[in-house]
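For reference, protein_18.pdb is printed below; it contains PDB, C-alpha atoms.
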```pdb
ATOM      1  CA  MET C   1     -64.212   5.669-135.750  1.00  0.00           C
ATOM      2  CA  ASN C   2     -64.621   7.355-132.380  1.00  0.00           C
ATOM      3  CA  ARG C   3     -67.859   5.466-131.776  1.00  0.00           C
ATOM      4  CA  ILE C   4     -66.139   2.132-132.467  1.00  0.00           C
ATOM      5  CA  CYS C   5     -63.308   2.920-130.071  1.00  0.00           C
ATOM      6  CA  THR C   6     -65.725   4.090-127.390  1.00  0.00           C
ATOM      7  CA  ARG C   7     -67.804   0.924-127.708  1.00  0.00           C
ATOM      8  CA  TYR C   8     -64.694  -1.240-127.540  1.00  0.00           C
ATOM      9  CA  LEU C   9     -63.425   0.505-124.400  1.00  0.00           C
ATOM     10  CA  ASN C  10     -66.816   0.235-122.694  1.00  0.00           C
ATOM     11  CA  ILE C  11     -66.876  -3.525-123.283  1.00  0.00           C
ATOM     12  CA  LEU C  12     -63.342  -3.961-121.966  1.00  0.00           C
ATOM     13  CA  ASN C  13     -64.224  -1.988-118.809  1.00  0.00           C
ATOM     14  CA  LYS C  14     -67.163  -4.275-118.098  1.00  0.00           C
ATOM     15  CA  ILE C  15     -65.072  -7.473-118.254  1.00  0.00           C
ATOM     16  CA  ASP C  16     -63.537  -8.738-115.027  1.00  0.00           C
ATOM     17  CA  PHE C  17     -60.279 -10.174-116.351  1.00  0.00           C
ATOM     18  CA  GLN C  18     -59.281 -11.688-113.025  1.00  0.00           C
ATOM     19  CA  ASN C  19     -62.345 -13.880-112.509  1.00  0.00           C
ATOM     20  CA  SER C  20     -64.050 -14.195-115.869  1.00  0.00           C
ATOM     21  CA  TYR C  21     -62.876 -15.441-119.235  1.00  0.00           C
ATOM     22  CA  THR C  22     -66.121 -15.043-121.160  1.00  0.00           C
ATOM     23  CA  SER C  23     -65.812 -13.790-124.709  1.00  0.00           C
ATOM     24  CA  ALA C  24     -67.130 -10.468-125.898  1.00  0.00           C
ATOM     25  CA  THR C  25     -68.148  -9.667-129.454  1.00  0.00           C
ATOM     26  CA  VAL C  26     -67.166  -6.472-131.220  1.00  0.00           C
ATOM     27  CA  LEU C  27     -67.810  -6.010-134.931  1.00  0.00           C
ATOM     28  CA  GLY C  28     -68.546  -9.721-135.273  1.00  0.00           C
ATOM     29  CA  ARG C  29     -65.191 -10.741-133.748  1.00  0.00           C
ATOM     30  CA  ASN C  30     -64.651 -12.624-130.503  1.00  0.00           C
ATOM     31  CA  LEU C  31     -62.463 -10.851-127.981  1.00  0.00           C
ATOM     32  CA  CYS C  32     -61.070 -13.108-125.271  1.00  0.00           C
ATOM     33  CA  PHE C  33     -57.869 -13.539-123.365  1.00  0.00           C
ATOM     34  CA  LYS C  34     -58.330 -17.279-122.780  1.00  0.00           C
ATOM     35  CA  SER C  35     -59.734 -19.829-125.167  1.00  0.00           C
ATOM     36  CA  ASP C  36     -63.196 -21.230-124.551  1.00  0.00           C
ATOM     37  CA  LEU C  37     -61.609 -24.643-125.212  1.00  0.00           C
ATOM     38  CA  SER C  38     -59.002 -24.355-122.467  1.00  0.00           C
ATOM     39  CA  LEU C  39     -58.507 -27.382-120.228  1.00  0.00           C
ATOM     40  CA  ASP C  40     -59.889 -25.773-117.084  1.00  0.00           C
ATOM     41  CA  LYS C  41     -63.163 -25.105-118.915  1.00  0.00           C
ATOM     42  CA  ILE C  42     -63.446 -28.516-120.555  1.00  0.00           C
ATOM     43  CA  TYR C  43     -62.464 -30.359-117.338  1.00  0.00           C
ATOM     44  CA  PRO C  44     -63.351 -27.944-114.533  1.00  0.00           C
ATOM     45  CA  ASN C  45     -63.017 -30.500-111.707  1.00  0.00           C
ATOM     46  CA  SER C  46     -59.822 -32.226-112.845  1.00  0.00           C
ATOM     47  CA  ARG C  47     -56.245 -31.730-111.688  1.00  0.00           C
ATOM     48  CA  LEU C  48     -54.215 -30.177-114.473  1.00  0.00           C
ATOM     49  CA  LYS C  49     -50.900 -30.623-112.688  1.00  0.00           C
ATOM     50  CA  ILE C  50     -48.663 -33.268-114.260  1.00  0.00           C
ATOM     51  CA  PHE C  51     -47.602 -35.922-111.763  1.00  0.00           C
ATOM     52  CA  THR C  52     -46.104 -39.400-111.756  1.00  0.00           C
ATOM     53  CA  PRO C  53     -48.591 -42.016-110.539  1.00  0.00           C
ATOM     54  CA  ASN C  54     -47.690 -44.628-107.984  1.00  0.00           C
ATOM     55  CA  PRO C  55     -46.710 -48.071-109.286  1.00  0.00           C
ATOM     56  CA  PRO C  56     -49.653 -50.464-109.617  1.00  0.00           C
ATOM     57  CA  ALA C  57     -50.118 -53.346-107.259  1.00  0.00           C
ATOM     58  CA  SER C  58     -48.392 -56.624-108.071  1.00  0.00           C
ATOM     59  CA  THR C  59     -50.470 -59.010-110.176  1.00  0.00           C
ATOM     60  CA  GLY C  60     -48.648 -62.222-109.319  1.00  0.00           C
ATOM     61  CA  ASP C  61     -47.006 -63.899-112.287  1.00  0.00           C
ATOM     62  CA  LYS C  62     -48.165 -61.258-114.778  1.00  0.00           C
ATOM     63  CA  PHE C  63     -46.235 -58.168-115.813  1.00  0.00           C
ATOM     64  CA  SER C  64     -48.139 -55.031-114.769  1.00  0.00           C
ATOM     65  CA  GLY C  65     -46.604 -52.804-117.464  1.00  0.00           C
ATOM     66  CA  TYR C  66     -44.889 -50.544-114.926  1.00  0.00           C
ATOM     67  CA  ILE C  67     -41.191 -49.915-115.672  1.00  0.00           C
ATOM     68  CA  PRO C  68     -39.220 -47.943-113.034  1.00  0.00           C
ATOM     69  CA  LEU C  69     -37.059 -45.455-114.920  1.00  0.00           C
ATOM     70  CA  GLU C  70     -34.643 -45.074-112.021  1.00  0.00           C
ATOM     71  CA  LYS C  71     -33.596 -48.708-112.479  1.00  0.00           C
ATOM     72  CA  LEU C  72     -32.768 -48.255-116.168  1.00  0.00           C
ATOM     73  CA  LYS C  73     -29.618 -46.795-117.656  1.00  0.00           C
ATOM     74  CA  ILE C  74     -30.756 -44.287-120.289  1.00  0.00           C
ATOM     75  CA  THR C  75     -28.371 -42.337-122.506  1.00  0.00           C
ATOM     76  CA  TYR C  76     -28.973 -40.017-125.461  1.00  0.00           C
ATOM     77  CA  SER C  77     -26.920 -39.451-128.594  1.00  0.00           C
ATOM     78  CA  ARG C  78     -27.148 -37.971-132.094  1.00  0.00           C
ATOM     79  CA  SER C  79     -29.606 -39.615-134.463  1.00  0.00           C
ATOM     80  CA  SER C  80     -28.658 -40.768-137.932  1.00  0.00           C
ATOM     81  CA  GLY C  81     -30.560 -40.129-141.130  1.00  0.00           C
ATOM     82  CA  PRO C  82     -32.199 -37.004-142.570  1.00  0.00           C
ATOM     83  CA  GLY C  83     -33.236 -34.077-140.429  1.00  0.00           C
ATOM     84  CA  GLY C  84     -31.082 -31.101-141.338  1.00  0.00           C
ATOM     85  CA  GLN C  85     -28.966 -29.295-138.772  1.00  0.00           C
ATOM     86  CA  HIS C  86     -31.373 -30.336-136.020  1.00  0.00           C
ATOM     87  CA  VAL C  87     -29.899 -33.857-136.137  1.00  0.00           C
ATOM     88  CA  ASN C  88     -26.389 -32.495-135.548  1.00  0.00           C
ATOM     89  CA  THR C  89     -27.291 -30.377-132.536  1.00  0.00           C
ATOM     90  CA  VAL C  90     -29.824 -32.386-130.478  1.00  0.00           C
ATOM     91  CA  ASN C  91     -29.400 -35.744-128.745  1.00  0.00           C
ATOM     92  CA  THR C  92     -32.622 -37.503-129.727  1.00  0.00           C
ATOM     93  CA  LYS C  93     -31.495 -41.115-130.107  1.00  0.00           C
ATOM     94  CA  VAL C  94     -32.291 -43.193-127.011  1.00  0.00           C
ATOM     95  CA  ASP C  95     -30.103 -46.001-125.683  1.00  0.00           C
ATOM     96  CA  LEU C  96     -31.948 -47.911-122.941  1.00  0.00           C
ATOM     97  CA  ARG C  97     -30.189 -50.730-121.112  1.00  0.00           C
ATOM     98  CA  PHE C  98     -30.573 -52.757-117.935  1.00  0.00           C
ATOM     99  CA  LYS C  99     -29.126 -55.880-116.340  1.00  0.00           C
ATOM    100  CA  LEU C 100     -31.657 -58.607-116.943  1.00  0.00           C
ATOM    101  CA  SER C 101     -30.341 -60.800-114.140  1.00  0.00           C
ATOM    102  CA  GLU C 102     -30.845 -58.064-111.519  1.00  0.00           C
ATOM    103  CA  VAL C 103     -34.324 -56.752-112.361  1.00  0.00           C
ATOM    104  CA  ASP C 104     -37.001 -57.155-109.696  1.00  0.00           C
ATOM    105  CA  TRP C 105     -39.934 -55.598-111.566  1.00  0.00           C
ATOM    106  CA  ILE C 106     -40.349 -58.547-113.953  1.00  0.00           C
ATOM    107  CA  PRO C 107     -41.931 -61.767-112.652  1.00  0.00           C
ATOM    108  CA  GLU C 108     -39.350 -64.452-111.960  1.00  0.00           C
ATOM    109  CA  LYS C 109     -40.883 -66.959-114.384  1.00  0.00           C
ATOM    110  CA  THR C 110     -40.909 -64.426-117.225  1.00  0.00           C
ATOM    111  CA  LYS C 111     -37.373 -63.291-116.355  1.00  0.00           C
ATOM    112  CA  GLN C 112     -36.053 -66.838-116.704  1.00  0.00           C
ATOM    113  CA  LYS C 113     -37.711 -67.124-120.131  1.00  0.00           C
ATOM    114  CA  LEU C 114     -36.155 -63.817-121.186  1.00  0.00           C
ATOM    115  CA  MET C 115     -32.688 -64.896-120.061  1.00  0.00           C
ATOM    116  CA  ILE C 116     -32.966 -68.082-122.124  1.00  0.00           C
ATOM    117  CA  GLY C 117     -34.489 -66.457-125.197  1.00  0.00           C
ATOM    118  CA  LEU C 118     -32.210 -63.380-125.211  1.00  0.00           C
ATOM    119  CA  GLN C 119     -28.954 -65.051-124.183  1.00  0.00           C
ATOM    120  CA  ASN C 120     -27.347 -64.228-127.557  1.00  0.00           C
ATOM    121  CA  LYS C 121     -28.396 -60.559-127.330  1.00  0.00           C
ATOM    122  CA  ILE C 122     -27.090 -59.794-123.847  1.00  0.00           C
ATOM    123  CA  THR C 123     -23.737 -57.986-123.668  1.00  0.00           C
ATOM    124  CA  ASN C 124     -20.678 -59.318-121.857  1.00  0.00           C
ATOM    125  CA  GLU C 125     -21.511 -57.046-118.898  1.00  0.00           C
ATOM    126  CA  GLY C 126     -24.993 -58.580-118.669  1.00  0.00           C
ATOM    127  CA  TYR C 127     -26.913 -55.642-120.182  1.00  0.00           C
ATOM    128  CA  TYR C 128     -29.822 -55.939-122.589  1.00  0.00           C
ATOM    129  CA  VAL C 129     -29.936 -52.903-124.888  1.00  0.00           C
ATOM    130  CA  ILE C 130     -32.901 -51.302-126.666  1.00  0.00           C
ATOM    131  CA  LYS C 131     -32.338 -48.401-129.071  1.00  0.00           C
ATOM    132  CA  SER C 132     -34.807 -46.028-130.703  1.00  0.00           C
ATOM    133  CA  ASP C 133     -34.365 -43.165-133.170  1.00  0.00           C
ATOM    134  CA  LEU C 134     -37.834 -43.390-134.693  1.00  0.00           C
ATOM    135  CA  THR C 135     -38.595 -39.673-134.392  1.00  0.00           C
ATOM    136  CA  ARG C 136     -36.705 -36.414-133.910  1.00  0.00           C
ATOM    137  CA  SER C 137     -38.111 -36.043-130.396  1.00  0.00           C
ATOM    138  CA  GLN C 138     -36.192 -37.310-127.390  1.00  0.00           C
ATOM    139  CA  GLN C 139     -39.323 -37.973-125.321  1.00  0.00           C
ATOM    140  CA  LEU C 140     -41.107 -39.800-128.140  1.00  0.00           C
ATOM    141  CA  ASN C 141     -38.069 -42.000-128.726  1.00  0.00           C
ATOM    142  CA  LEU C 142     -37.933 -42.804-125.019  1.00  0.00           C
ATOM    143  CA  ALA C 143     -41.616 -43.728-125.084  1.00  0.00           C
ATOM    144  CA  ASP C 144     -40.988 -45.912-128.142  1.00  0.00           C
ATOM    145  CA  ALA C 145     -38.103 -47.726-126.408  1.00  0.00           C
ATOM    146  CA  LEU C 146     -40.219 -48.358-123.308  1.00  0.00           C
ATOM    147  CA  GLU C 147     -43.051 -49.696-125.458  1.00  0.00           C
ATOM    148  CA  LYS C 148     -40.612 -52.043-127.205  1.00  0.00           C
ATOM    149  CA  LEU C 149     -39.550 -53.341-123.797  1.00  0.00           C
ATOM    150  CA  ARG C 150     -43.159 -53.852-122.656  1.00  0.00           C
ATOM    151  CA  SER C 151     -44.052 -55.689-125.863  1.00  0.00           C
ATOM    152  CA  LEU C 152     -41.002 -57.927-125.489  1.00  0.00           C
ATOM    153  CA  ILE C 153     -41.868 -58.861-121.912  1.00  0.00           C
ATOM    154  CA  ARG C 154     -45.511 -59.568-122.756  1.00  0.00           C
ATOM    155  CA  GLU C 155     -44.443 -61.671-125.735  1.00  0.00           C
ATOM    156  CA  TYR C 156     -42.444 -63.957-123.445  1.00  0.00           C
ATOM    157  CA  GLU C 157     -45.320 -64.089-120.952  1.00  0.00           C
ATOM    158  CA  ILE C 158     -47.562 -65.939-123.387  1.00  0.00           C
ATOM    159  CA  GLU C 159     -47.770 -69.614-122.527  1.00  0.00           C
ATOM    160  CA  THR C 160     -47.423 -71.672-125.698  1.00  0.00           C
ATOM    161  CA  PRO C 161     -49.592 -74.807-125.541  1.00  0.00           C
ATOM    162  CA  PRO C 162     -47.876 -78.168-126.144  1.00  0.00           C
ATOM    163  CA  PRO C 163     -48.215 -79.456-129.730  1.00  0.00           C
ATOM    164  CA  LYS C 164     -50.868 -82.055-130.464  1.00  0.00           C
ATOM    165  CA  GLU C 165     -50.084 -85.592-131.538  1.00  0.00           C
ATOM    166  CA  GLU C 166     -51.440 -84.883-135.015  1.00  0.00           C
ATOM    167  CA  THR C 167     -49.121 -81.891-135.381  1.00  0.00           C
ATOM    168  CA  LEU C 168     -46.092 -83.918-134.273  1.00  0.00           C
ATOM    169  CA  GLU C 169     -46.977 -86.665-136.780  1.00  0.00           C
ATOM    170  CA  LYS C 170     -47.257 -84.111-139.604  1.00  0.00           C
ATOM    171  CA  ILE C 171     -43.861 -82.666-138.700  1.00  0.00           C
ATOM    172  CA  ARG C 172     -42.309 -86.165-138.671  1.00  0.00           C
ATOM    173  CA  LYS C 173     -43.760 -86.980-142.111  1.00  0.00           C
ATOM    174  CA  ARG C 174     -42.494 -83.687-143.544  1.00  0.00           C
ATOM    175  CA  GLN C 175     -39.006 -84.397-142.216  1.00  0.00           C
ATOM    176  CA  LEU C 176     -39.000 -87.912-143.712  1.00  0.00           C
ATOM    177  CA  LYS C 177     -40.199 -86.557-147.048  1.00  0.00           C
ATOM    178  CA  ALA C 178     -37.466 -83.906-147.037  1.00  0.00           C
ATOM    179  CA  VAL C 179     -34.823 -86.561-146.309  1.00  0.00           C
ATOM    180  CA  ARG C 180     -36.061 -88.789-149.163  1.00  0.00           C
ATOM    181  CA  GLU C 181     -36.055 -85.885-151.621  1.00  0.00           C
ATOM    182  CA  ARG C 182     -32.553 -84.868-150.555  1.00  0.00           C
ATOM    183  CA  LEU C 183     -31.195 -88.386-151.022  1.00  0.00           C
ATOM    184  CA  PHE C 184     -32.945 -88.732-154.389  1.00  0.00           C
ATOM    185  CA  LEU C 185     -31.381 -85.483-155.666  1.00  0.00           C
ATOM    186  CA  LYS C 186     -28.008 -86.571-154.308  1.00  0.00           C
ATOM    187  CA  ARG C 187     -28.189 -89.885-156.211  1.00  0.00           C
ATOM    188  CA  GLN C 188     -29.217 -88.065-159.392  1.00  0.00           C
ATOM    189  CA  ARG C 189     -26.294 -85.688-159.105  1.00  0.00           C
ATOM    190  CA  SER C 190     -23.913 -88.561-158.451  1.00  0.00           C
ATOM    191  CA  GLN C 191     -25.182 -90.469-161.487  1.00  0.00           C
ATOM    192  CA  THR C 192     -24.759 -87.363-163.654  1.00  0.00           C
ATOM    193  CA  LYS C 193     -21.120 -87.081-162.617  1.00  0.00           C
ATOM    194  CA  ILE C 194     -20.537 -90.782-163.337  1.00  0.00           C
ATOM    195  CA  ASP C 195     -22.043 -90.436-166.816  1.00  0.00           C
ATOM    196  CA  ARG C 196     -19.656 -87.571-167.606  1.00  0.00           C
ATOM    197  CA  GLN C 197     -16.585 -89.706-166.995  1.00  0.00           C
ATOM    198  CA  SER C 198     -14.791 -91.200-169.992  1.00  0.00           C
ATOM    199  CA  PRO C 199     -14.902 -94.991-170.303  1.00  0.00           C
ATOM    200  CA  SER C 200     -11.825 -96.882-169.102  1.00  0.00           C
ATOM    201  CA  ASN C 201     -10.451-100.409-169.689  1.00  0.00           C
ATOM    202  CA  VAL C 202     -12.500-100.904-172.859  1.00  0.00           C
ATOM    203  CA  ASP C 203     -11.469-103.778-175.180  1.00  0.00           C
ATOM    204  CA  PHE C 204     -11.625-103.027-178.909  1.00  0.00           C
TER     205      PHE C 204
END
```
Translate the structure of the given file into structure tokens.
Amino acid sequence: MNRICTRYLNILNKIDFQNSYTSATVLGRNLCFKSDLSLDKIYPNSRLKIFTPNPPASTGDKFSGYIPLEKLKITYSRSSGPGGQHVNTVNTKVDLRFKLSEVDWIPEKTKQKLMIGLQNKITNEGYYVIKSDLTRSQQLNLADALEKLRSLIREYEIETPPPKEETLEKIRKRQLKAVRERLFLKRQRSQTKIDRQSPSNVDF
């Protein structure tokens, strides 16, 4: 036992803990104070500090995907559904809203399409609201709400091609067929009601 302790202490004395994080092996076990898979070893030349990147350059009539959080009104509240006492103590539900008529980070052409397509979903104060309680994490729900907003904007950016003449003719024929079938069923129903009536003014 004394030999094992002596060997262990000798190895620890040889390691420079300030400048080296190499692992030592004692009795078949790795002794280290920092994982060999730490980020500064996997990416030695990268910056590990978390920072917010600058907004990308404008791409004309296309949405860049950048959403300035300072121009959104974000509130948090209790989530519904299962989750135990955690649901009752943490505000994880995200309520994201903004005034669609005042945004300047959406291209004007796309903004006009959004105002027409979402006119029944905008509140009386002019806010469009997106909610998310997908997870029990506040940050993940915020990311989900932002992704919903990006998907919505990109959906309205797609230019729908005008229908072809053949397509318009097919639609017209379907509408005429539907009208004929409706009138035919209406006449059948009317005749059935007439047949149910008792005869009147019959001479015996």
**Message:** Expand the PyMOL selection byres ((chain C and resi 70-79) around 8) into the explicit residue set it covers here, and present it as a list of chain:residue names.
**Reply:**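 For this structure, the PyMOL selection byres ((chain C and resi 70-79) around 8) resolves to C:Pro68, C:Leu69, C:Ser80, C:Gly81, C:Val87, C:Asn88, C:Thr89, C:Val90, C:Asn91, C:Thr92, C:Lys93, C:Val94, C:Asp95, C:Leu96, C:Arg97, C:Phe98, C:Asp133, C:Arg136, C:Gln138.
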**Fill in**
C:Leu149 proximity check over C:Lys131, C:Arg182, C:Lys109, C:Lys41, using all atoms listed in the file: winner is C:Lys131
Using the chain letters and numbering of this document, enumerate as a PDB file with C-alpha atoms, in the coordinates of the input the residues selected by the PyMOL selection byres ((chain C and resi 146) around 10).
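File produced: result-v3.pdb:
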```pdb
ATOM      1  CA  GLY C  65     -46.604 -52.804-117.464  1.00  0.00           C
ATOM      2  CA  TYR C  66     -44.889 -50.544-114.926  1.00  0.00           C
ATOM      3  CA  ILE C  67     -41.191 -49.915-115.672  1.00  0.00           C
ATOM      4  CA  LEU C  69     -37.059 -45.455-114.920  1.00  0.00           C
ATOM      5  CA  LEU C  96     -31.948 -47.911-122.941  1.00  0.00           C
ATOM      6  CA  ILE C 130     -32.901 -51.302-126.666  1.00  0.00           C
ATOM      7  CA  LYS C 131     -32.338 -48.401-129.071  1.00  0.00           C
ATOM      8  CA  SER C 132     -34.807 -46.028-130.703  1.00  0.00           C
ATOM      9  CA  LEU C 140     -41.107 -39.800-128.140  1.00  0.00           C
ATOM     10  CA  ASN C 141     -38.069 -42.000-128.726  1.00  0.00           C
ATOM     11  CA  LEU C 142     -37.933 -42.804-125.019  1.00  0.00           C
ATOM     12  CA  ALA C 143     -41.616 -43.728-125.084  1.00  0.00           C
ATOM     13  CA  ASP C 144     -40.988 -45.912-128.142  1.00  0.00           C
ATOM     14  CA  ALA C 145     -38.103 -47.726-126.408  1.00  0.00           C
ATOM     15  CA  GLU C 147     -43.051 -49.696-125.458  1.00  0.00           C
ATOM     16  CA  LYS C 148     -40.612 -52.043-127.205  1.00  0.00           C
ATOM     17  CA  LEU C 149     -39.550 -53.341-123.797  1.00  0.00           C
ATOM     18  CA  ARG C 150     -43.159 -53.852-122.656  1.00  0.00           C
ATOM     19  CA  SER C 151     -44.052 -55.689-125.863  1.00  0.00           C
ATOM     20  CA  LEU C 152     -41.002 -57.927-125.489  1.00  0.00           C
TER      21      LEU C 152
END
```
**Request:** Would you work out the distance separating atom CA of C:Leu176 from atom CA of C:Gln191, expressed in Å to one decimal?
**Result:**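 Atom CA of C:Leu176 sits 22.7 Å away from atom CA of C:Gln191.
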**Distance in Å - atom CA of C:Lys186 versus atom CA of C:Lys170** = 24.3 Å
**Message:** At a cut-off of 10 Å, using all atoms listed in the file, what residues contact C:Ile122? Leave out same-chain residues fewer than 6 positions from it and give the result as a list in words.
**Reply:**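 The neighbour list is Arg97, Phe98, Lys99, Leu100, Met115, Tyr128 and Val129 of chain C.
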**Prompt:** At what distance in Å, to one decimal, does atom CA of C:Thr160 lie from atom CA of C:Thr123?
**Reply:**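 Answer for the atom CA of C:Thr123 to atom CA of C:Thr160 separation: 27.4 Å.
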Using all atoms listed in the file, which residues sit within 12 Å of C:Glu159 once same-chain residues fewer than 5 positions away are excluded, as a compact mmCIF listing (two decimals) with C-alpha atoms, keeping the file's coordinate frame?
```txt
# COMPACT_ATOMS: atom_id res chain seq x y z
CA ASP C 61 -47.01 -63.90 -112.29
CA LYS C 62 -48.16 -61.26 -114.78
CA LYS C 109 -40.88 -66.96 -114.38
CA THR C 110 -40.91 -64.43 -117.22
CA LYS C 113 -37.71 -67.12 -120.13
CA ARG C 154 -45.51 -59.57 -122.76
```
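Closest approach to C:Glu108 from the set C:Arg7, C:Ile153, C:Thr167, C:Asp40 is made by C:Ile153, with distances taken over only C-alpha atoms.
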**Prompt:** Nearest to C:Ile106 among C:Ser64, C:Thr135, C:Asn120, C:Ser38, with distances taken over all atoms listed in the file: which residue is it?
**Reply:** C:Ser64
